[in-house]
file entry35.txt (compact mmCIF, N, CA and C atoms)
# COMPACT_ATOMS: atom_id res chain seq x y z
N MET A 37 131.36 -65.01 1.66
CA MET A 37 130.80 -64.38 0.51
C MET A 37 130.30 -62.99 0.92
N SER A 38 130.78 -61.97 0.24
CA SER A 38 130.43 -60.60 0.62
C SER A 38 129.03 -60.23 0.12
N ALA A 39 128.48 -59.19 0.74
CA ALA A 39 127.16 -58.71 0.33
C ALA A 39 127.20 -58.20 -1.11
N ALA A 40 128.29 -57.52 -1.48
CA ALA A 40 128.42 -57.00 -2.85
C ALA A 40 128.42 -58.14 -3.86
N TRP A 41 129.12 -59.23 -3.51
CA TRP A 41 129.15 -60.38 -4.42
C TRP A 41 127.76 -60.98 -4.56
N ARG A 42 127.03 -61.10 -3.46
CA ARG A 42 125.68 -61.68 -3.51
C ARG A 42 124.76 -60.83 -4.39
N ILE A 43 124.89 -59.52 -4.30
CA ILE A 43 124.08 -58.62 -5.12
C ILE A 43 124.42 -58.81 -6.60
N ALA A 44 125.72 -58.85 -6.91
CA ALA A 44 126.15 -59.04 -8.30
C ALA A 44 125.68 -60.39 -8.83
N GLU A 45 125.81 -61.43 -8.03
CA GLU A 45 125.39 -62.78 -8.44
C GLU A 45 123.89 -62.80 -8.69
N HIS A 46 123.13 -62.16 -7.80
CA HIS A 46 121.67 -62.11 -7.95
C HIS A 46 121.29 -61.36 -9.23
N PHE A 47 121.97 -60.26 -9.51
CA PHE A 47 121.69 -59.48 -10.73
C PHE A 47 121.95 -60.32 -11.97
N LEU A 48 123.14 -60.92 -12.05
CA LEU A 48 123.49 -61.73 -13.22
C LEU A 48 122.49 -62.87 -13.40
N ARG A 49 122.20 -63.57 -12.31
CA ARG A 49 121.25 -64.69 -12.37
C ARG A 49 119.87 -64.20 -12.83
N SER A 50 119.40 -63.09 -12.27
CA SER A 50 118.07 -62.57 -12.61
C SER A 50 117.97 -62.20 -14.08
N VAL A 51 118.98 -61.50 -14.59
CA VAL A 51 118.96 -61.11 -16.01
C VAL A 51 118.95 -62.35 -16.89
N LEU A 52 119.81 -63.31 -16.58
CA LEU A 52 119.88 -64.51 -17.41
C LEU A 52 118.59 -65.33 -17.35
N GLU A 53 118.07 -65.53 -16.15
CA GLU A 53 116.85 -66.32 -16.01
C GLU A 53 115.65 -65.61 -16.64
N PHE A 54 115.56 -64.30 -16.49
CA PHE A 54 114.47 -63.53 -17.09
C PHE A 54 114.53 -63.64 -18.61
N SER A 55 115.74 -63.81 -19.15
CA SER A 55 115.93 -63.94 -20.59
C SER A 55 115.70 -65.37 -21.08
N GLY A 56 115.38 -66.27 -20.16
CA GLY A 56 115.09 -67.64 -20.55
C GLY A 56 116.23 -68.62 -20.34
N ALA A 57 117.34 -68.16 -19.80
CA ALA A 57 118.48 -69.05 -19.56
C ALA A 57 118.27 -69.84 -18.28
N MET A 58 118.93 -70.98 -18.21
CA MET A 58 118.92 -71.77 -16.99
C MET A 58 120.30 -71.62 -16.35
N VAL A 59 120.35 -71.03 -15.17
CA VAL A 59 121.61 -70.84 -14.45
C VAL A 59 121.85 -72.10 -13.62
N THR A 60 122.99 -72.76 -13.88
CA THR A 60 123.24 -74.05 -13.22
C THR A 60 124.36 -74.02 -12.21
N ALA A 61 125.10 -72.91 -12.13
CA ALA A 61 126.23 -72.85 -11.20
C ALA A 61 126.45 -71.43 -10.73
N THR A 62 126.82 -71.29 -9.46
CA THR A 62 127.15 -69.97 -8.93
C THR A 62 128.48 -69.99 -8.20
N ASN A 63 129.27 -71.06 -8.39
CA ASN A 63 130.61 -71.12 -7.82
C ASN A 63 131.49 -71.98 -8.72
N ALA A 64 132.79 -71.94 -8.50
CA ALA A 64 133.73 -72.63 -9.38
C ALA A 64 133.50 -74.13 -9.42
N ALA A 65 133.28 -74.75 -8.28
CA ALA A 65 133.09 -76.21 -8.24
C ALA A 65 131.88 -76.63 -9.07
N ASP A 66 130.78 -75.93 -8.90
CA ASP A 66 129.58 -76.24 -9.69
C ASP A 66 129.80 -75.93 -11.17
N ALA A 67 130.57 -74.89 -11.45
CA ALA A 67 130.83 -74.52 -12.84
C ALA A 67 131.59 -75.62 -13.57
N PHE A 68 132.53 -76.27 -12.89
CA PHE A 68 133.27 -77.35 -13.54
C PHE A 68 132.34 -78.51 -13.88
N ARG A 69 131.42 -78.82 -12.99
CA ARG A 69 130.46 -79.89 -13.27
C ARG A 69 129.51 -79.48 -14.40
N ALA A 70 129.05 -78.24 -14.37
CA ALA A 70 128.10 -77.76 -15.37
C ALA A 70 128.75 -77.55 -16.73
N ALA A 71 130.06 -77.37 -16.76
CA ALA A 71 130.77 -77.09 -18.01
C ALA A 71 130.61 -78.21 -19.03
N LEU A 72 130.27 -79.39 -18.57
CA LEU A 72 130.10 -80.51 -19.49
C LEU A 72 128.80 -80.39 -20.28
N VAL A 73 127.85 -79.62 -19.78
CA VAL A 73 126.56 -79.49 -20.46
C VAL A 73 126.17 -78.04 -20.76
N ALA A 74 126.91 -77.08 -20.25
CA ALA A 74 126.57 -75.66 -20.42
C ALA A 74 126.76 -75.22 -21.87
N ASP A 75 125.99 -74.22 -22.27
CA ASP A 75 126.14 -73.62 -23.59
C ASP A 75 127.05 -72.40 -23.54
N VAL A 76 127.03 -71.68 -22.41
CA VAL A 76 127.86 -70.49 -22.19
C VAL A 76 128.16 -70.42 -20.70
N ILE A 77 129.36 -69.95 -20.36
CA ILE A 77 129.72 -69.72 -18.96
C ILE A 77 129.97 -68.23 -18.78
N VAL A 78 129.31 -67.63 -17.79
CA VAL A 78 129.54 -66.23 -17.41
C VAL A 78 130.26 -66.29 -16.08
N CYS A 79 131.48 -65.75 -16.05
CA CYS A 79 132.34 -65.86 -14.87
C CYS A 79 132.68 -64.47 -14.32
N ASP A 80 132.18 -64.16 -13.13
CA ASP A 80 132.50 -62.90 -12.47
C ASP A 80 133.86 -63.07 -11.80
N LEU A 81 134.89 -62.48 -12.38
CA LEU A 81 136.25 -62.68 -11.87
C LEU A 81 136.50 -62.02 -10.53
N THR A 82 135.68 -61.07 -10.13
CA THR A 82 135.89 -60.44 -8.83
C THR A 82 135.34 -61.30 -7.70
N SER A 83 134.55 -62.30 -8.03
CA SER A 83 133.95 -63.11 -6.98
C SER A 83 134.39 -64.56 -7.03
N ALA A 84 135.22 -64.89 -7.98
CA ALA A 84 135.64 -66.29 -8.13
C ALA A 84 136.48 -66.73 -6.93
N GLU A 85 136.32 -68.00 -6.59
CA GLU A 85 137.11 -68.55 -5.48
C GLU A 85 138.57 -68.73 -5.89
N MET A 86 138.83 -68.68 -7.19
CA MET A 86 140.20 -68.81 -7.68
C MET A 86 140.43 -67.71 -8.71
N ALA A 87 141.69 -67.45 -9.00
CA ALA A 87 142.03 -66.41 -9.98
C ALA A 87 141.44 -66.78 -11.33
N GLY A 88 141.08 -65.76 -12.11
CA GLY A 88 140.46 -65.99 -13.41
C GLY A 88 141.30 -66.85 -14.33
N GLY A 89 142.61 -66.59 -14.36
CA GLY A 89 143.49 -67.38 -15.21
C GLY A 89 143.52 -68.84 -14.80
N GLU A 90 143.53 -69.08 -13.49
CA GLU A 90 143.53 -70.45 -12.97
C GLU A 90 142.22 -71.15 -13.31
N PHE A 91 141.11 -70.46 -13.13
CA PHE A 91 139.80 -71.02 -13.46
C PHE A 91 139.74 -71.39 -14.93
N LEU A 92 140.18 -70.46 -15.79
CA LEU A 92 140.15 -70.70 -17.23
C LEU A 92 141.04 -71.88 -17.61
N ALA A 93 142.24 -71.94 -17.04
CA ALA A 93 143.16 -73.04 -17.36
C ALA A 93 142.56 -74.39 -16.99
N GLN A 94 141.96 -74.48 -15.81
CA GLN A 94 141.34 -75.75 -15.40
C GLN A 94 140.15 -76.10 -16.28
N LEU A 95 139.40 -75.09 -16.66
CA LEU A 95 138.25 -75.33 -17.53
C LEU A 95 138.71 -75.79 -18.91
N GLN A 96 139.77 -75.19 -19.43
CA GLN A 96 140.30 -75.60 -20.73
C GLN A 96 140.83 -77.04 -20.68
N GLN A 97 141.46 -77.42 -19.57
CA GLN A 97 141.91 -78.81 -19.42
C GLN A 97 140.73 -79.76 -19.45
N LEU A 98 139.66 -79.40 -18.76
CA LEU A 98 138.45 -80.22 -18.76
C LEU A 98 137.89 -80.34 -20.17
N HIS A 99 137.81 -79.23 -20.87
CA HIS A 99 137.28 -79.24 -22.24
C HIS A 99 138.14 -80.10 -23.15
N THR A 100 139.45 -80.04 -22.98
CA THR A 100 140.35 -80.87 -23.78
C THR A 100 140.10 -82.34 -23.53
N ARG A 101 139.93 -82.71 -22.25
CA ARG A 101 139.68 -84.12 -21.91
C ARG A 101 138.39 -84.64 -22.51
N VAL A 102 137.35 -83.82 -22.52
CA VAL A 102 136.05 -84.29 -22.99
C VAL A 102 135.78 -83.93 -24.45
N GLY A 103 136.67 -83.15 -25.05
CA GLY A 103 136.51 -82.80 -26.46
C GLY A 103 135.37 -81.82 -26.73
N ARG A 104 135.12 -80.95 -25.80
CA ARG A 104 134.04 -79.97 -25.94
C ARG A 104 134.50 -78.63 -25.39
N THR A 105 134.22 -77.56 -26.12
CA THR A 105 134.58 -76.23 -25.67
C THR A 105 133.31 -75.40 -25.47
N VAL A 106 133.25 -74.71 -24.35
CA VAL A 106 132.10 -73.86 -24.03
C VAL A 106 132.60 -72.41 -24.00
N PRO A 107 131.93 -71.50 -24.71
CA PRO A 107 132.34 -70.10 -24.66
C PRO A 107 132.22 -69.54 -23.24
N ILE A 108 133.20 -68.71 -22.86
CA ILE A 108 133.23 -68.13 -21.52
C ILE A 108 133.25 -66.61 -21.63
N ILE A 109 132.39 -65.97 -20.87
CA ILE A 109 132.35 -64.51 -20.79
C ILE A 109 132.83 -64.12 -19.40
N ALA A 110 133.91 -63.37 -19.33
CA ALA A 110 134.42 -62.89 -18.05
C ALA A 110 133.75 -61.57 -17.71
N VAL A 111 133.40 -61.39 -16.46
CA VAL A 111 132.88 -60.11 -15.96
C VAL A 111 133.97 -59.55 -15.06
N VAL A 112 134.48 -58.36 -15.42
CA VAL A 112 135.64 -57.81 -14.73
C VAL A 112 135.34 -56.42 -14.16
N PRO A 113 136.09 -56.02 -13.13
CA PRO A 113 135.88 -54.69 -12.54
C PRO A 113 136.27 -53.58 -13.51
N ALA A 114 135.64 -52.43 -13.36
CA ALA A 114 136.01 -51.25 -14.14
C ALA A 114 137.49 -50.98 -13.91
N GLY A 115 138.17 -50.55 -14.94
CA GLY A 115 139.59 -50.26 -14.82
C GLY A 115 140.48 -51.43 -15.21
N THR A 116 139.90 -52.60 -15.40
CA THR A 116 140.68 -53.76 -15.83
C THR A 116 141.04 -53.57 -17.30
N ARG A 117 142.29 -53.75 -17.62
CA ARG A 117 142.74 -53.56 -18.99
C ARG A 117 142.39 -54.77 -19.84
N SER A 118 141.90 -54.51 -21.04
CA SER A 118 141.49 -55.60 -21.92
C SER A 118 142.65 -56.54 -22.23
N ALA A 119 143.85 -56.00 -22.33
CA ALA A 119 145.01 -56.84 -22.61
C ALA A 119 145.23 -57.86 -21.50
N ARG A 120 144.99 -57.45 -20.26
CA ARG A 120 145.16 -58.35 -19.12
C ARG A 120 144.14 -59.49 -19.17
N VAL A 121 142.90 -59.15 -19.50
CA VAL A 121 141.84 -60.17 -19.58
C VAL A 121 142.14 -61.13 -20.72
N ARG A 122 142.54 -60.59 -21.86
CA ARG A 122 142.86 -61.45 -23.00
C ARG A 122 144.10 -62.30 -22.72
N ALA A 123 145.07 -61.75 -22.01
CA ALA A 123 146.27 -62.51 -21.66
C ALA A 123 145.92 -63.70 -20.77
N ALA A 124 144.88 -63.55 -19.96
CA ALA A 124 144.44 -64.66 -19.11
C ALA A 124 143.74 -65.73 -19.95
N GLY A 125 143.41 -65.41 -21.20
CA GLY A 125 142.81 -66.39 -22.10
C GLY A 125 141.34 -66.19 -22.39
N PHE A 126 140.73 -65.16 -21.82
CA PHE A 126 139.31 -64.92 -22.08
C PHE A 126 139.17 -64.14 -23.38
N ARG A 127 138.36 -64.64 -24.30
CA ARG A 127 138.14 -63.94 -25.57
C ARG A 127 137.05 -62.89 -25.44
N SER A 128 136.16 -63.07 -24.50
CA SER A 128 135.02 -62.18 -24.36
C SER A 128 134.91 -61.72 -22.91
N PHE A 129 134.64 -60.43 -22.72
CA PHE A 129 134.49 -59.94 -21.35
C PHE A 129 133.57 -58.73 -21.31
N LEU A 130 132.99 -58.53 -20.14
CA LEU A 130 132.14 -57.37 -19.86
C LEU A 130 132.74 -56.63 -18.68
N ILE A 131 132.64 -55.30 -18.71
CA ILE A 131 133.20 -54.49 -17.63
C ILE A 131 132.06 -54.03 -16.71
N LYS A 132 132.28 -54.19 -15.40
CA LYS A 132 131.29 -53.75 -14.41
C LYS A 132 131.21 -52.23 -14.38
N PRO A 133 130.08 -51.66 -14.14
CA PRO A 133 128.80 -52.32 -13.91
C PRO A 133 128.22 -52.83 -15.22
N VAL A 134 127.74 -54.05 -15.21
CA VAL A 134 127.19 -54.69 -16.40
C VAL A 134 125.72 -54.32 -16.55
N ASP A 135 125.36 -53.94 -17.74
CA ASP A 135 123.98 -53.62 -18.08
C ASP A 135 123.29 -54.92 -18.53
N GLY A 136 122.04 -55.10 -18.20
CA GLY A 136 121.32 -56.32 -18.55
C GLY A 136 121.30 -56.59 -20.04
N ASP A 137 121.08 -55.54 -20.86
CA ASP A 137 121.06 -55.73 -22.31
C ASP A 137 122.43 -56.15 -22.82
N GLU A 138 123.47 -55.56 -22.24
CA GLU A 138 124.84 -55.90 -22.62
C GLU A 138 125.12 -57.38 -22.32
N LEU A 139 124.67 -57.86 -21.19
CA LEU A 139 124.87 -59.26 -20.81
C LEU A 139 124.11 -60.18 -21.76
N ARG A 140 122.85 -59.87 -22.03
CA ARG A 140 122.06 -60.69 -22.96
C ARG A 140 122.71 -60.74 -24.34
N THR A 141 123.15 -59.59 -24.83
CA THR A 141 123.78 -59.52 -26.15
C THR A 141 125.05 -60.37 -26.19
N ALA A 142 125.87 -60.27 -25.16
CA ALA A 142 127.12 -61.05 -25.11
C ALA A 142 126.82 -62.54 -25.12
N VAL A 143 125.84 -62.97 -24.34
CA VAL A 143 125.49 -64.40 -24.29
C VAL A 143 124.99 -64.86 -25.65
N LEU A 144 124.11 -64.09 -26.28
CA LEU A 144 123.60 -64.48 -27.60
C LEU A 144 124.70 -64.55 -28.64
N GLU A 145 125.65 -63.61 -28.58
CA GLU A 145 126.78 -63.64 -29.52
C GLU A 145 127.62 -64.90 -29.32
N ARG A 146 127.87 -65.28 -28.07
CA ARG A 146 128.65 -66.50 -27.80
C ARG A 146 127.90 -67.75 -28.26
N LEU A 147 126.59 -67.75 -28.12
CA LEU A 147 125.80 -68.90 -28.55
C LEU A 147 125.85 -69.09 -30.06
N ARG A 148 126.06 -68.01 -30.79
CA ARG A 148 126.13 -68.08 -32.26
C ARG A 148 127.48 -68.58 -32.75
N GLU A 149 128.46 -68.63 -31.88
CA GLU A 149 129.82 -69.06 -32.30
C GLU A 149 129.84 -70.52 -32.67
call {"tool": "encode", "arguments": {"input": "entry35.txt", "output": "structure tokens"}}
result
Amino acid sequence: MSAAWRIAEHFLRSVLEFSGAMVTATNAADAFRAALVADVIVCDLTSAEMAGGEFLAQLQQLHTRVGRTVPIIAVVPAGTRSARVRAAGFRSFLIKPVDGDELRTAVLERLRE
């Protein structure tokens, strides 16, 4: 795990927890377990142990099996084309560097879906 990834993970976690959210996973394996009870998933695609499309596909299979869908927000590097993110199946995404207000707004919007 790189230092840059740890900083990004700490920032995302801090913003979410300061806003009252409970962060239950910081890696793909924990995310799959938490997906059964999570309200929203924020996925930093630059730090994922697997490709974003692969992560999303496995998560969608899990949701299909249990009959529950959880909104997912992808966090992508600057320069990533929106068409590429949408082609991977993510409906919502934020471009790095992510602003705390932008993250809170995106999470609240997904919770309203």
call {"tool": "residues_around", "arguments": {"input": "entry35.txt", "residues": "stretch 100-106 of chain A", "least_positions_apart": "2", "cutoff": "8 Å", "atoms": "all atoms listed in the file", "output": "number ranges by chain"}}
result
A: 71-77, 94-98, 108-109, 146
call {"tool": "closest_residue", "arguments": {"input": "entry35.txt", "among": "A:Arg42, A:Lys132, A:Arg49, A:Arg148", "to": "A:Val112", "atoms": "only N, CA and C atoms"}}
result
A:Lys132
call {"tool": "atom_distance", "arguments": {"input": "entry35.txt", "atom1": "atom N of A:Pro113", "atom2": "atom N of A:Leu147"}}
result
21.3 Å
call {"tool": "select_by_dssp", "arguments": {"input": "entry35.txt", "residues": "chain A", "states": "helix (DSSP H, G or I)", "output": "PyMOL selection string"}}
result
chain A and resi 39-54+64-70+88-102+118-123+136-147
call {"tool": "residues_around", "arguments": {"input": "entry35.txt", "residues": "A:Ala70", "least_positions_apart": "5", "cutoff": "8 Å", "atoms": "all atoms listed in the file", "output": "PDB file with N, CA and C atoms, keeping the file's coordinate frame"}}
result
ATOM      1  N   THR A  60     122.990 -72.760 -13.880  1.00  0.00           N
ATOM      2  CA  THR A  60     123.240 -74.050 -13.220  1.00  0.00           C
ATOM      3  C   THR A  60     124.360 -74.020 -12.210  1.00  0.00           C
ATOM      4  N   ALA A  61     125.100 -72.910 -12.130  1.00  0.00           N
ATOM      5  CA  ALA A  61     126.230 -72.850 -11.200  1.00  0.00           C
ATOM      6  C   ALA A  61     126.450 -71.430 -10.730  1.00  0.00           C
ATOM      7  N   ALA A  64     132.790 -71.940  -8.500  1.00  0.00           N
ATOM      8  CA  ALA A  64     133.730 -72.630  -9.380  1.00  0.00           C
ATOM      9  C   ALA A  64     133.500 -74.130  -9.420  1.00  0.00           C
ATOM     10  N   ALA A  65     133.280 -74.750  -8.280  1.00  0.00           N
ATOM     11  CA  ALA A  65     133.090 -76.210  -8.240  1.00  0.00           C
ATOM     12  C   ALA A  65     131.880 -76.630  -9.070  1.00  0.00           C
ATOM     13  N   ASP A  75     125.990 -74.220 -22.270  1.00  0.00           N
ATOM     14  CA  ASP A  75     126.140 -73.620 -23.590  1.00  0.00           C
ATOM     15  C   ASP A  75     127.050 -72.400 -23.540  1.00  0.00           C
TER      16      ASP A  75
END
call {"tool": "select_by_dssp", "arguments": {"input": "entry35.txt", "residues": "chain A", "states": "strand (DSSP E)", "output": "list of chain:residue names"}}
result
A:Ile77, A:Val78, A:Cys79, A:Asp80, A:Ile108, A:Ile109, A:Ala110, A:Val111, A:Val112, A:Ser128, A:Phe129, A:Leu130, A:Ile131
call {"tool": "closest_residue", "arguments": {"input": "entry35.txt", "among": "A:Arg140, A:Ser38, A:Leu81, A:Glu53", "to": "A:Val111", "atoms": "only C-alpha atoms"}}
result
A:Leu81
call {"tool": "atom_distance", "arguments": {"input": "entry35.txt", "atom1": "atom C of A:Leu92", "atom2": "atom C of A:Ala124"}}
result
7.1 Å
call {"tool": "atom_distance", "arguments": {"input": "entry35.txt", "atom1": "atom CA of A:Gly136", "atom2": "atom CA of A:Gly115"}}
result
19.6 Å
call {"tool": "decode", "arguments": {"input": "entry35.txt", "residues": "stretch 92-139 of chain A", "atoms": "C-alpha atoms", "output": "CSV table (one decimal), in the first residue's frame"}}
result
chain,number,residue,atom,x,y,z
A,92,LEU,CA,-18.2,-3.5,-9.9
A,93,ALA,CA,-19.1,-6.8,-11.8
A,94,GLN,CA,-18.4,-8.9,-8.7
A,95,LEU,CA,-20.4,-6.4,-6.5
A,96,GLN,CA,-23.3,-6.5,-9.0
A,97,GLN,CA,-23.3,-10.3,-8.9
A,98,LEU,CA,-23.5,-10.2,-5.1
A,99,HIS,CA,-26.3,-7.7,-5.2
A,100,THR,CA,-28.2,-9.9,-7.7
A,101,ARG,CA,-27.8,-12.9,-5.4
A,102,VAL,CA,-29.1,-11.1,-2.3
A,103,GLY,CA,-31.7,-8.9,-4.1
A,104,ARG,CA,-30.2,-5.7,-2.9
A,105,THR,CA,-28.4,-2.9,-4.7
A,106,VAL,CA,-26.2,-0.3,-3.1
A,107,PRO,CA,-25.2,2.9,-4.9
A,108,ILE,CA,-21.5,3.1,-5.7
A,109,ILE,CA,-19.5,6.3,-6.1
A,110,ALA,CA,-16.2,5.8,-8.0
A,111,VAL,CA,-13.3,8.1,-7.2
A,112,VAL,CA,-11.1,8.4,-10.3
A,113,PRO,CA,-7.8,10.2,-11.2
A,114,ALA,CA,-7.9,13.5,-13.0
A,115,GLY,CA,-7.9,13.0,-16.8
A,116,THR,CA,-10.2,9.9,-16.6
A,117,ARG,CA,-12.9,10.2,-19.3
A,118,SER,CA,-16.4,10.0,-18.0
A,119,ALA,CA,-17.3,7.7,-20.8
A,120,ARG,CA,-14.7,5.2,-19.6
A,121,VAL,CA,-16.1,5.3,-16.0
A,122,ARG,CA,-19.7,4.9,-17.2
A,123,ALA,CA,-18.6,2.1,-19.6
A,124,ALA,CA,-17.3,0.2,-16.5
A,125,GLY,CA,-20.8,0.5,-15.1
A,126,PHE,CA,-20.4,3.3,-12.5
A,127,ARG,CA,-23.3,5.8,-12.6
A,128,SER,CA,-21.7,8.2,-10.2
A,129,PHE,CA,-18.0,9.3,-9.9
A,130,LEU,CA,-15.8,12.0,-8.5
A,131,ILE,CA,-12.5,13.2,-10.0
A,132,LYS,CA,-9.4,13.6,-7.9
A,133,PRO,CA,-8.5,15.7,-6.1
A,134,VAL,CA,-11.9,15.3,-4.3
A,135,ASP,CA,-13.2,18.1,-2.2
A,136,GLY,CA,-14.8,17.2,1.1
A,137,ASP,CA,-18.1,19.1,0.2
A,138,GLU,CA,-18.2,17.4,-3.1
A,139,LEU,CA,-17.9,14.0,-1.5
